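A.B. asks: Sending over target-v5.csv (CSV, C-alpha atoms).
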chain,number,residue,atom,x,y,z
A,11,MET,CA,99.1,123.6,103.6
A,12,GLU,CA,102.8,123.7,102.7
A,13,LYS,CA,105.0,126.0,100.5
A,14,GLY,CA,103.8,127.6,97.3
A,15,THR,CA,103.0,130.9,95.7
A,16,MET,CA,99.7,132.7,96.5
A,17,GLU,CA,98.2,131.5,93.2
A,18,LEU,CA,99.3,127.9,93.6
A,19,SER,CA,98.1,128.0,97.2
A,20,ARG,CA,94.7,129.3,96.1
A,21,ILE,CA,94.3,126.4,93.6
A,22,CYS,CA,95.6,123.8,96.0
A,23,GLU,CA,93.3,125.1,98.8
A,24,ALA,CA,90.3,125.1,96.3
A,25,ILE,CA,91.0,121.5,95.5
A,26,LEU,CA,91.4,120.4,99.1
A,27,THR,CA,88.4,122.3,100.4
A,28,SER,CA,86.1,121.1,97.7
A,29,ALA,CA,87.1,117.4,98.1
A,30,ASP,CA,84.0,115.4,99.0
A,31,LEU,CA,85.2,113.6,102.2
A,32,SER,CA,81.9,111.7,102.4
A,33,GLY,CA,83.3,109.7,99.5
A,34,MET,CA,86.8,109.2,100.6
A,35,ALA,CA,88.8,108.6,103.8
A,36,GLY,CA,91.5,111.2,102.9
A,37,LEU,CA,93.6,112.6,100.1
A,38,ALA,CA,96.9,114.4,99.5
A,39,VAL,CA,97.4,117.0,96.7
A,40,GLY,CA,100.4,118.5,95.1
A,41,ILE,CA,100.7,121.2,92.4
A,42,MET,CA,103.8,122.5,90.7
A,43,ALA,CA,104.2,125.5,88.3
A,44,GLY,CA,107.7,126.3,87.3
A,45,ASP,CA,109.9,126.2,90.4
A,46,GLU,CA,107.0,126.7,92.8
A,47,ILE,CA,105.3,123.8,94.6
A,48,CYS,CA,102.3,123.6,96.9
A,49,THR,CA,101.2,120.5,98.8
A,50,GLY,CA,98.5,119.7,101.3
A,51,ALA,CA,96.3,117.0,102.7
A,52,ARG,CA,92.8,116.4,104.3
A,53,GLY,CA,91.1,113.5,106.0
A,54,TYR,CA,92.5,110.3,107.4
A,55,ARG,CA,95.4,108.1,106.7
A,56,ASN,CA,93.5,105.5,108.7
A,57,ILE,CA,89.9,106.3,109.4
A,58,GLU,CA,89.5,103.6,112.0
A,59,SER,CA,92.4,104.8,114.1
A,60,GLY,CA,91.6,108.5,113.4
A,61,GLU,CA,95.2,109.2,112.2
A,62,LEU,CA,95.1,112.2,109.9
A,63,MET,CA,96.5,112.3,106.4
A,64,ASP,CA,99.8,114.1,105.9
A,65,ALA,CA,101.1,115.6,102.6
A,66,ASP,CA,104.2,113.3,102.8
A,67,THR,CA,102.1,110.1,103.3
A,68,ILE,CA,103.1,107.2,101.0
A,69,PHE,CA,100.2,105.9,98.7
A,70,HIS,CA,99.6,103.0,96.4
A,71,CYS,CA,99.6,104.8,93.1
A,72,ALA,CA,97.8,102.3,90.8
A,73,SER,CA,98.2,102.9,87.1
A,74,ILE,CA,100.4,105.9,87.4
A,75,SER,CA,102.9,103.0,87.4
A,76,LYS,CA,102.4,102.7,83.6
A,77,THR,CA,104.1,106.0,82.9
A,78,PHE,CA,107.4,104.5,84.2
A,79,THR,CA,107.0,101.3,82.3
A,80,SER,CA,106.3,103.0,79.0
A,81,THR,CA,109.1,105.5,79.5
A,82,ALA,CA,111.5,102.5,80.2
A,83,VAL,CA,110.5,100.9,77.0
A,84,MET,CA,111.2,104.1,75.1
A,85,LYS,CA,114.6,104.4,76.8
A,86,LEU,CA,115.5,100.8,75.7
A,87,VAL,CA,114.5,101.8,72.2
A,88,GLU,CA,116.8,104.7,72.3
A,89,GLU,CA,119.6,102.5,73.5
A,90,GLY,CA,119.1,100.3,70.5
A,91,LYS,CA,118.1,97.3,72.6
A,92,LEU,CA,114.5,97.2,71.4
A,93,ARG,CA,112.4,98.4,68.5
A,94,LEU,CA,108.8,99.6,68.7
A,95,ASP,CA,107.9,97.3,65.8
A,96,ASP,CA,109.5,94.3,67.5
A,97,LYS,CA,107.1,91.3,67.9
A,98,LEU,CA,106.4,90.4,71.5
A,99,VAL,CA,106.9,86.7,70.7
A,100,ASP,CA,110.4,87.5,69.4
A,101,VAL,CA,111.4,89.5,72.5
A,102,LEU,CA,109.8,86.8,74.8
A,103,PRO,CA,110.3,83.6,72.8
A,104,TYR,CA,109.1,81.4,75.7
A,105,LEU,CA,105.7,83.2,75.7
A,106,SER,CA,102.9,80.9,74.5
A,107,ILE,CA,99.4,82.3,74.0
A,108,ALA,CA,96.8,80.0,72.7
A,109,ASP,CA,95.4,82.7,70.4
A,110,LYS,CA,97.6,82.6,67.3
A,111,ARG,CA,97.0,86.3,66.6
A,112,CYS,CA,99.5,86.9,69.4
A,113,GLN,CA,102.2,86.4,66.8
A,114,LYS,CA,101.4,89.8,65.4
A,115,ILE,CA,101.6,91.8,68.6
A,116,GLU,CA,104.2,94.6,68.4
A,117,ILE,CA,105.6,96.5,71.3
A,118,ASN,CA,104.0,99.7,70.1
A,119,HIS,CA,100.6,98.0,70.1
A,120,MET,CA,101.0,97.2,73.8
A,121,LEU,CA,102.0,100.7,74.7
A,122,SER,CA,98.9,102.1,73.1
A,123,HIS,CA,96.4,99.4,74.3
A,124,ILE,CA,95.7,98.1,70.8
A,125,SER,CA,97.4,94.8,71.1
A,126,GLY,CA,94.2,92.8,71.4
A,127,LEU,CA,95.2,91.5,74.8
A,128,GLN,CA,92.5,91.4,77.3
A,129,ASP,CA,92.7,93.4,80.6
A,130,ALA,CA,93.9,91.4,83.6
A,131,GLY,CA,91.2,89.6,85.4
A,132,GLU,CA,91.5,89.5,89.2
A,133,LEU,CA,94.8,91.2,90.0
A,134,GLY,CA,95.4,88.6,92.6
A,135,TRP,CA,96.1,90.8,95.6
A,136,LYS,CA,95.5,87.9,97.9
A,137,ALA,CA,98.6,86.1,96.4
A,138,GLY,CA,100.8,89.0,97.6
A,139,LEU,CA,103.8,87.6,95.7
A,140,THR,CA,107.1,89.2,96.4
A,141,GLY,CA,109.6,86.8,94.8
A,142,ALA,CA,112.0,88.0,92.1
A,143,ASP,CA,110.5,85.4,89.7
A,144,ALA,CA,107.0,86.7,90.0
A,145,LEU,CA,107.0,88.8,86.8
A,146,LYS,CA,108.4,86.1,84.6
A,147,SER,CA,106.1,83.5,86.1
A,148,TYR,CA,103.2,85.7,85.1
A,149,ALA,CA,104.0,85.0,81.5
A,150,PHE,CA,103.1,81.3,82.1
A,151,ALA,CA,99.9,82.0,84.1
A,152,ASN,CA,96.6,80.7,82.6
A,153,GLU,CA,95.3,84.3,82.5
A,154,VAL,CA,98.0,85.1,79.9
A,155,THR,CA,98.3,81.8,78.0
A,156,ASP,CA,94.7,80.7,77.8
A,157,ARG,CA,92.5,83.8,77.4
A,158,PRO,CA,91.4,84.6,73.8
A,159,MET,CA,92.4,87.9,72.4
A,160,LEU,CA,89.8,90.6,71.7
A,161,GLY,CA,90.9,91.5,68.2
A,162,GLU,CA,93.6,91.8,65.6
A,163,PRO,CA,96.8,93.5,67.0
A,164,GLY,CA,97.1,97.1,65.7
A,165,ASN,CA,93.7,97.0,64.1
A,166,CYS,CA,91.3,96.4,66.9
A,167,THR,CA,89.1,98.4,69.3
A,168,PRO,CA,91.4,99.9,71.9
A,169,MET,CA,91.2,97.8,75.1
A,170,TYR,CA,92.9,99.1,78.2
A,171,SER,CA,95.1,96.2,79.4
A,172,ASP,CA,97.0,95.8,82.6
A,173,MET,CA,98.1,92.4,81.2
A,174,ALA,CA,99.9,94.1,78.3
A,175,TYR,CA,101.7,96.4,80.6
A,176,ASP,CA,102.8,93.6,83.0
A,177,LEU,CA,104.2,91.9,79.9
A,178,LEU,CA,105.9,95.1,78.9
A,179,GLY,CA,107.6,95.2,82.3
A,180,LEU,CA,108.9,91.7,81.6
A,181,VAL,CA,110.2,93.0,78.2
A,182,VAL,CA,112.1,95.7,80.1
A,183,GLN,CA,113.5,93.1,82.5
A,184,GLU,CA,114.6,90.7,79.8
A,185,VAL,CA,116.0,93.3,77.4
A,186,SER,CA,117.8,95.3,80.1
A,187,GLY,CA,119.2,92.2,81.9
A,188,GLN,CA,118.1,93.7,85.2
A,189,PRO,CA,115.1,93.2,87.4
A,190,PHE,CA,112.3,95.5,86.3
A,191,GLU,CA,112.3,97.4,89.6
A,192,THR,CA,116.1,97.9,89.5
A,193,TYR,CA,116.0,99.3,86.0
A,194,ILE,CA,113.3,101.8,86.9
A,195,LYS,CA,115.1,102.8,90.1
A,196,GLU,CA,118.5,103.4,88.4
A,197,ASN,CA,117.1,105.1,85.4
A,198,PHE,CA,114.3,107.2,86.8
A,199,PHE,CA,113.8,107.2,90.5
A,200,ASP,CA,117.4,108.0,91.4
A,201,PRO,CA,118.2,110.6,88.8
A,202,ALA,CA,114.9,112.4,89.4
A,203,GLY,CA,115.6,112.4,93.2
A,204,MET,CA,112.6,110.3,94.1
A,205,LYS,CA,113.8,108.9,97.4
A,206,ASP,CA,110.3,107.9,98.7
A,207,THR,CA,109.3,105.9,95.7
A,208,THR,CA,109.5,102.2,95.0
A,209,PHE,CA,107.9,99.2,93.2
A,210,LEU,CA,109.0,97.0,96.1
A,211,THR,CA,106.5,98.1,98.6
A,212,PHE,CA,107.0,95.0,100.8
A,213,GLU,CA,110.5,96.3,101.6
A,214,ARG,CA,108.9,99.2,103.5
A,215,THR,CA,107.3,96.7,105.9
A,216,GLY,CA,110.0,94.1,106.4
A,217,GLY,CA,108.4,91.8,103.9
A,218,SER,CA,104.9,91.8,105.1
A,219,LEU,CA,101.8,93.0,103.3
A,220,SER,CA,99.4,92.6,106.2
A,221,LEU,CA,97.2,95.6,106.9
A,222,GLU,CA,98.7,95.7,110.4
A,223,ASP,CA,102.2,96.1,109.1
A,224,ILE,CA,101.2,98.5,106.3
A,225,ASP,CA,99.6,100.6,109.1
A,226,LYS,CA,102.8,100.4,111.2
A,227,ALA,CA,104.8,101.7,108.2
A,228,LYS,CA,102.5,104.8,108.1
A,229,ILE,CA,101.5,104.0,104.5
A,230,ALA,CA,98.0,105.3,103.5
A,231,MET,CA,95.5,102.6,104.4
A,232,PRO,CA,93.1,101.4,101.8
A,233,HIS,CA,89.4,102.1,102.3
A,234,VAL,CA,86.1,101.3,100.6
A,235,LYS,CA,82.4,102.2,101.2
A,236,ASP,CA,80.5,99.4,102.7
A,237,ALA,CA,76.9,98.4,101.8
A,238,ASP,CA,75.6,101.1,104.1
A,239,GLY,CA,77.8,103.8,102.6
A,240,LYS,CA,80.2,103.9,105.5
A,241,ILE,CA,83.9,104.2,104.8
A,242,VAL,CA,85.8,101.3,106.2
A,243,LEU,CA,89.1,99.6,105.7
A,244,GLU,CA,89.6,97.4,102.7
A,245,SER,CA,90.3,93.7,103.5
A,246,MET,CA,93.9,93.8,102.0
A,247,PHE,CA,96.6,96.1,100.6
A,248,PRO,CA,96.8,96.0,96.7
A,249,TYR,CA,100.3,94.5,96.1
A,250,THR,CA,101.6,91.5,94.2
A,251,ARG,CA,104.9,91.7,92.3
A,252,GLN,CA,103.8,90.3,89.0
A,253,HIS,CA,101.6,93.4,88.5
A,254,ALA,CA,104.3,96.0,89.4
A,255,PRO,CA,104.6,97.3,85.8
A,256,SER,CA,100.9,98.1,85.5
A,257,SER,CA,99.8,98.9,89.0
A,258,THR,CA,101.9,98.8,92.2
A,259,LEU,CA,104.1,101.9,92.4
A,260,THR,CA,104.1,103.4,95.9
A,261,SER,CA,105.1,107.1,96.3
A,262,ASN,CA,103.9,110.5,97.6
A,263,VAL,CA,102.9,113.8,96.1
A,264,SER,CA,106.3,115.4,96.4
A,265,ASP,CA,108.1,112.6,94.6
A,266,LEU,CA,105.5,112.4,91.9
A,267,LEU,CA,105.9,116.1,91.3
A,268,LYS,CA,109.6,115.4,90.8
A,269,TRP,CA,108.6,112.8,88.2
A,270,GLY,CA,106.5,115.6,86.6
A,271,ARG,CA,109.4,117.9,86.6
A,272,TYR,CA,111.8,115.3,85.2
A,273,ASN,CA,109.4,114.7,82.3
A,274,LEU,CA,108.5,118.4,81.7
A,275,ASP,CA,112.3,119.0,81.4
A,276,LYS,CA,112.4,116.0,79.0
A,277,LYS,CA,115.2,114.3,81.0
A,278,ALA,CA,114.0,110.7,81.1
A,279,VAL,CA,114.2,110.2,77.3
A,280,SER,CA,114.9,112.2,74.2
A,281,ALA,CA,112.6,114.9,72.8
A,282,ASP,CA,111.8,112.5,69.9
A,283,SER,CA,110.7,109.8,72.4
A,284,TYR,CA,108.5,112.3,74.2
A,285,GLU,CA,106.9,113.3,70.9
A,286,LYS,CA,106.1,109.6,70.3
A,287,MET,CA,104.7,109.1,73.8
A,288,TRP,CA,102.7,112.4,73.8
A,289,THR,CA,101.2,112.2,70.4
A,290,GLU,CA,97.6,111.0,70.2
A,291,ARG,CA,97.2,107.5,68.7
A,292,VAL,CA,93.9,106.1,69.8
A,293,ASN,CA,90.8,107.0,71.8
A,294,ILE,CA,90.2,105.0,75.0
A,295,PRO,CA,86.4,105.7,75.4
A,296,ASP,CA,86.1,104.4,79.0
A,297,LYS,CA,89.0,106.6,80.1
A,298,PHE,CA,87.6,109.8,78.4
A,299,ALA,CA,91.0,110.6,76.9
A,300,MET,CA,93.2,109.9,74.0
A,301,MET,CA,96.2,107.5,74.4
A,302,GLY,CA,99.7,108.1,73.1
A,303,MET,CA,102.2,105.5,74.2
A,304,GLY,CA,101.7,104.9,77.9
A,305,TRP,CA,100.5,108.5,78.6
A,306,PHE,CA,96.9,109.8,78.3
A,307,ILE,CA,96.4,113.1,76.5
A,308,ARG,CA,93.6,115.5,77.2
A,309,HIS,CA,92.8,119.0,75.8
A,310,GLU,CA,91.2,121.3,78.3
A,311,ASN,CA,90.8,125.1,78.5
A,312,GLY,CA,93.1,125.6,75.5
A,313,HIS,CA,95.9,123.4,76.9
A,314,MET,CA,97.2,119.9,76.4
A,315,PHE,CA,97.6,117.7,79.5
A,316,VAL,CA,99.5,114.5,79.5
A,317,GLY,CA,99.5,112.0,82.4
A,318,HIS,CA,97.7,109.0,83.8
A,319,GLU,CA,95.0,108.2,86.4
A,320,GLY,CA,94.6,105.0,88.4
A,321,GLY,CA,92.3,103.1,90.6
A,322,ASP,CA,92.7,99.9,92.5
A,323,ASP,CA,91.1,98.4,95.6
A,324,GLY,CA,91.4,101.1,98.2
A,325,PHE,CA,92.9,103.8,96.1
A,326,ARG,CA,92.2,106.4,93.4
A,327,THR,CA,95.0,108.5,91.9
A,328,SER,CA,95.6,111.2,89.3
A,329,PHE,CA,98.9,112.5,87.8
A,330,TRP,CA,98.8,115.2,85.0
A,331,THR,CA,101.4,117.5,83.5
A,332,CYS,CA,100.8,120.6,81.3
A,333,PRO,CA,103.9,121.1,79.2
A,334,GLU,CA,102.6,124.5,77.9
A,335,CYS,CA,102.2,125.8,81.5
A,336,ASP,CA,105.2,124.0,82.9
A,337,ALA,CA,102.9,122.6,85.5
A,338,ALA,CA,101.9,119.3,87.2
A,339,LEU,CA,99.2,118.0,89.4
A,340,VAL,CA,99.1,115.0,91.7
A,341,ILE,CA,96.0,113.8,93.6
A,342,LEU,CA,96.2,110.7,95.7
A,343,ALA,CA,93.1,109.3,97.6
A,344,ASN,CA,92.9,106.2,99.8
A,345,THR,CA,89.4,105.0,99.0
A,346,THR,CA,88.1,102.8,96.2
A,347,GLU,CA,86.4,105.0,93.5
A,348,ALA,CA,87.0,108.2,95.4
A,349,PRO,CA,85.4,111.1,93.6
A,350,ILE,CA,88.5,113.0,92.5
A,351,GLU,CA,87.5,113.8,88.9
A,352,PRO,CA,86.0,117.2,89.9
A,353,LEU,CA,89.2,118.1,91.7
A,354,THR,CA,91.3,117.4,88.6
A,355,GLU,CA,88.9,119.6,86.6
A,356,LYS,CA,89.8,122.5,88.9
A,357,PHE,CA,93.4,122.2,87.9
A,358,TYR,CA,92.5,122.1,84.2
A,359,MET,CA,90.5,125.2,84.5
A,360,ASP,CA,92.7,127.3,86.8
A,361,ILE,CA,96.3,126.6,85.9
A,362,ARG,CA,98.0,129.2,83.7
What does the file become when written as structure tokens?
C.D. replies:
Amino acid sequence: MEKGTMELSRICEAILTSADLSGMAGLAVGIMAGDEICTGARGYRNIESGELMDADTIFHCASISKTFTSTAVMKLVEEGKLRLDDKLVDVLPYLSIADKRCQKIEINHMLSHISGLQDAGELGWKAGLTGADALKSYAFANEVTDRPMLGEPGNCTPMYSDMAYDLLGLVVQEVSGQPFETYIKENFFDPAGMKDTTFLTFERTGGSLSLEDIDKAKIAMPHVKDADGKIVLESMFPYTRQHAPSSTLTSNVSDLLKWGRYNLDKKAVSADSYEKMWTERVNIPDKFAMMGMGWFIRHENGHMFVGHEGGDDGFRTSFWTCPECDAALVILANTTEAPIEPLTEKFYMDIR
């Protein structure tokens, strides 16, 4: 356990001690309330080597990535470089989707998962692409161009879509004139003081994404339960550059609390943009929450919480802020489908 007030320490300790380590290799937790921060960790960074988890360990953060992509879109709107009602095909004129309903997709539809675009299929971790052209090349992939849409843009059943967010990342890249990762770093990571955060995970390992090199870099190793219920290493680390905007942020609890603080202080974009992002638009039934624009919204114990959760091969993550309490929570676990929901509930119930 690291720094924090007695109250935060109590909540953090309760989360850590109640974590079901039969269902995960390890986890790191961070809680912030006002200027106070408490962090801690349990379990293993690598269960096979027996190396323990540390509160500063770097994790694959999965769909927490989308909070950066959506906020980048809103920043470009504020800069007058983009409009929420712009058509996707006008912003990316080279995009060719076989389903003609794609002509009606607006940027705001994609932010709220009502574009009609399907979710990504296999995220292609085996490809492990790292080239600067990966994101634009994704726009020409069969998964994007050939798959039928699921409904009329703006008037369809909400469908959570990594594909939509990867294309939004390409929008950020094309409209800003910078690589997606550069725009995010210069506009969010750097001003928020997030020195341990990147979308270019391969740079941590000298360009390799092998489990051996991930391990050498002291990044949290991905785990899964095998057929016998034993926790073992996953076969690969979840990274390929075309899915950066939806999925491949790597960070730690301290840096993500800085992201929480930056947003609670409404420094990333204007108050008007936060109102748009944090206003309920649609219900995403399989996520048990309402969706604004890129941020999930939940009402628990008389408070509104805004944030995002994520899950990929080898990882399960949770990031929530409570504007009314000036508080934030980060839980990062390095096991597929790790049971972290009850831990998040403790934060909802105990934070004041």
A.B. asks: Applying 6 Å and only C-alpha atoms, which residues near stretch 86-101 of chain A remain after dropping the ones on its own chain fewer than 5 positions away? List them as number ranges by chain.
C.D. replies: A: 115-118
A.B. asks: Skipping near chain neighbours, those fewer than 2 positions away, what residues fall within 12 Å of A:Val182 using all atoms listed in the file, listed as a PyMOL selection string?
C.D. replies: chain A and resi 78-87+91-93+98+101-102+117+145-146+175-180+184-194+197+255
A.B. asks: Kindly indicate which residue among A:Ile124, A:Ile361, A:Ile350, A:Leu342 lies nearest to A:Asp66, using all atoms listed in the file for the distances.
C.D. replies: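 Ranked by minimum distance to A:Asp66, first place goes to A:Leu342.
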A.B. asks: Taking 3 positions as the minimum chain separation for residues in the same chain, which residues sit within 8 Å of stretch 103-107 of chain A when counting all atoms listed in the file? Answer as a ChimeraX atom specification.
C.D. replies: /A:98-100,110,112,149-150,154-157
A.B. asks: Report, in Å with one decimal, the straight-line distance from atom CA of A:Ile68 to atom CA of A:Ser256.
C.D. replies: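 Between these atoms lies a distance of 18.1 Å.
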A.B. asks: List every protein, DNA or RNA residue that has at least one atom no more than 12 Å from (100.3, 121.6, 100.7) in the file's coordinates, counting all atoms listed in the file, and write the result as a PyMOL selection string.
C.D. replies: chain A and resi 11-16+18-27+37-42+46-52+63-67+263-264+339-341
A.B. asks: Between A:Asn273, A:Met300, A:Leu210, A:Gly131, which is the closest to A:Ala151 once you count all atoms listed in the file?
C.D. replies: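 Of the candidates, the smallest distance to A:Ala151 is held by A:Gly131.
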A.B. asks: Can you list, as a ChimeraX atom specification, every protein, DNA or RNA residue that comes within 10 Å of A:Thr167 when you count only C-alpha atoms, leaving out same-chain residues fewer than 3 positions away?
C.D. replies: /A:123-126,160-164,170,292-295
A.B. asks: Measuring atom to atom with only C-alpha atoms, identify which of A:Lys76, A:His318, A:Arg362, A:Lys276 is nearest to A:Met173.
C.D. replies: A:Lys76
A.B. asks: Mind giving me the straight-line distance from atom CA of A:Gln128 to atom CA of A:Tyr249 in Å, one decimal?
C.D. replies: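 These two atoms are separated by 20.6 Å.
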A.B. asks: Working from the structure I just supplied, which lacks atoms in stretch 88-97 of chain A, can you model all heavy atoms there and output them as a PDB file, in the frame of the given file?
C.D. replies:
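After the write, rebuild-v3.pdb holds the following:
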ATOM      1  N   GLU A  88     115.762 103.791  72.550  1.00  0.00           N
ATOM      2  CA  GLU A  88     116.800 104.700  72.300  1.00  0.00           C
ATOM      3  C   GLU A  88     118.213 104.100  72.404  1.00  0.00           C
ATOM      4  O   GLU A  88     119.141 104.458  71.674  1.00  0.00           O
ATOM      5  CB  GLU A  88     116.758 105.920  73.269  1.00  0.00           C
ATOM      6  CG  GLU A  88     115.598 106.844  73.026  1.00  0.00           C
ATOM      7  CD  GLU A  88     115.594 108.010  73.996  1.00  0.00           C
ATOM      8  OE1 GLU A  88     116.520 108.112  74.828  1.00  0.00           O
ATOM      9  OE2 GLU A  88     114.669 108.824  73.916  1.00  0.00           O
ATOM     10  N   GLU A  89     118.331 103.158  73.323  1.00  0.00           N
ATOM     11  CA  GLU A  89     119.600 102.500  73.500  1.00  0.00           C
ATOM     12  C   GLU A  89     119.893 101.433  72.468  1.00  0.00           C
ATOM     13  O   GLU A  89     120.953 100.801  72.482  1.00  0.00           O
ATOM     14  CB  GLU A  89     119.630 101.846  74.922  1.00  0.00           C
ATOM     15  CG  GLU A  89     119.614 102.868  76.057  1.00  0.00           C
ATOM     16  CD  GLU A  89     119.393 102.223  77.420  1.00  0.00           C
ATOM     17  OE1 GLU A  89     119.076 101.011  77.464  1.00  0.00           O
ATOM     18  OE2 GLU A  89     119.543 102.918  78.434  1.00  0.00           O
ATOM     19  N   GLY A  90     118.960 101.247  71.546  1.00  0.00           N
ATOM     20  CA  GLY A  90     119.100 100.300  70.500  1.00  0.00           C
ATOM     21  C   GLY A  90     118.944  98.845  70.884  1.00  0.00           C
ATOM     22  O   GLY A  90     119.297  97.918  70.141  1.00  0.00           O
ATOM     23  N   LYS A  91     118.339  98.641  72.067  1.00  0.00           N
ATOM     24  CA  LYS A  91     118.100  97.300  72.600  1.00  0.00           C
ATOM     25  C   LYS A  91     116.766  96.732  72.210  1.00  0.00           C
ATOM     26  O   LYS A  91     116.477  95.553  72.456  1.00  0.00           O
ATOM     27  CB  LYS A  91     118.320  97.269  74.086  1.00  0.00           C
ATOM     28  CG  LYS A  91     119.724  97.677  74.532  1.00  0.00           C
ATOM     29  CD  LYS A  91     119.833  97.729  76.048  1.00  0.00           C
ATOM     30  CE  LYS A  91     121.232  98.138  76.477  1.00  0.00           C
ATOM     31  NZ  LYS A  91     121.356  98.248  77.961  1.00  0.00           N
ATOM     32  N   LEU A  92     115.923  97.568  71.638  1.00  0.00           N
ATOM     33  CA  LEU A  92     114.500  97.200  71.400  1.00  0.00           C
ATOM     34  C   LEU A  92     114.032  98.109  70.259  1.00  0.00           C
ATOM     35  O   LEU A  92     114.531  99.228  70.088  1.00  0.00           O
ATOM     36  CB  LEU A  92     113.710  97.411  72.644  1.00  0.00           C
ATOM     37  CG  LEU A  92     112.259  96.925  72.694  1.00  0.00           C
ATOM     38  CD1 LEU A  92     112.216  95.400  72.622  1.00  0.00           C
ATOM     39  CD2 LEU A  92     111.598  97.400  73.990  1.00  0.00           C
ATOM     40  N   ARG A  93     113.048  97.620  69.513  1.00  0.00           N
ATOM     41  CA  ARG A  93     112.400  98.400  68.500  1.00  0.00           C
ATOM     42  C   ARG A  93     110.887  98.445  68.770  1.00  0.00           C
ATOM     43  O   ARG A  93     110.335  97.462  69.257  1.00  0.00           O
ATOM     44  CB  ARG A  93     112.655  97.926  67.099  1.00  0.00           C
ATOM     45  CG  ARG A  93     114.102  97.979  66.659  1.00  0.00           C
ATOM     46  CD  ARG A  93     114.252  97.598  65.210  1.00  0.00           C
ATOM     47  NE  ARG A  93     113.545  96.352  64.892  1.00  0.00           N
ATOM     48  CZ  ARG A  93     113.488  95.807  63.674  1.00  0.00           C
ATOM     49  NH1 ARG A  93     114.081  96.401  62.656  1.00  0.00           N
ATOM     50  NH2 ARG A  93     112.831  94.675  63.480  1.00  0.00           N
ATOM     51  N   LEU A  94     110.244  99.542  68.437  1.00  0.00           N
ATOM     52  CA  LEU A  94     108.800  99.600  68.700  1.00  0.00           C
ATOM     53  C   LEU A  94     108.018  98.647  67.821  1.00  0.00           C
ATOM     54  O   LEU A  94     106.912  98.251  68.195  1.00  0.00           O
ATOM     55  CB  LEU A  94     108.317 101.058  68.414  1.00  0.00           C
ATOM     56  CG  LEU A  94     108.750 102.099  69.454  1.00  0.00           C
ATOM     57  CD1 LEU A  94     108.358 103.499  69.017  1.00  0.00           C
ATOM     58  CD2 LEU A  94     108.142 101.789  70.834  1.00  0.00           C
ATOM     59  N   ASP A  95     108.573  98.248  66.684  1.00  0.00           N
ATOM     60  CA  ASP A  95     107.900  97.300  65.800  1.00  0.00           C
ATOM     61  C   ASP A  95     108.332  95.846  66.077  1.00  0.00           C
ATOM     62  O   ASP A  95     107.946  94.935  65.343  1.00  0.00           O
ATOM     63  CB  ASP A  95     107.978  97.648  64.362  1.00  0.00           C
ATOM     64  CG  ASP A  95     109.414  97.676  63.849  1.00  0.00           C
ATOM     65  OD1 ASP A  95     110.348  97.468  64.651  1.00  0.00           O
ATOM     66  OD2 ASP A  95     109.607  97.924  62.640  1.00  0.00           O
ATOM     67  N   ASP A  96     109.156  95.630  67.106  1.00  0.00           N
ATOM     68  CA  ASP A  96     109.500  94.300  67.500  1.00  0.00           C
ATOM     69  C   ASP A  96     108.266  93.486  67.861  1.00  0.00           C
ATOM     70  O   ASP A  96     107.348  94.024  68.505  1.00  0.00           O
ATOM     71  CB  ASP A  96     110.491  94.240  68.651  1.00  0.00           C
ATOM     72  CG  ASP A  96     111.936  94.470  68.233  1.00  0.00           C
ATOM     73  OD1 ASP A  96     112.246  94.332  67.034  1.00  0.00           O
ATOM     74  OD2 ASP A  96     112.754  94.782  69.115  1.00  0.00           O
ATOM     75  N   LYS A  97     108.239  92.214  67.485  1.00  0.00           N
ATOM     76  CA  LYS A  97     107.100  91.300  67.900  1.00  0.00           C
ATOM     77  C   LYS A  97     107.350  90.859  69.311  1.00  0.00           C
ATOM     78  O   LYS A  97     108.458  90.482  69.698  1.00  0.00           O
ATOM     79  CB  LYS A  97     107.037  90.142  66.942  1.00  0.00           C
ATOM     80  CG  LYS A  97     106.770  90.492  65.479  1.00  0.00           C
ATOM     81  CD  LYS A  97     105.356  91.007  65.296  1.00  0.00           C
ATOM     82  CE  LYS A  97     104.936  91.010  63.835  1.00  0.00           C
ATOM     83  NZ  LYS A  97     105.748  91.910  62.996  1.00  0.00           N
TER      84      LYS A  97
END
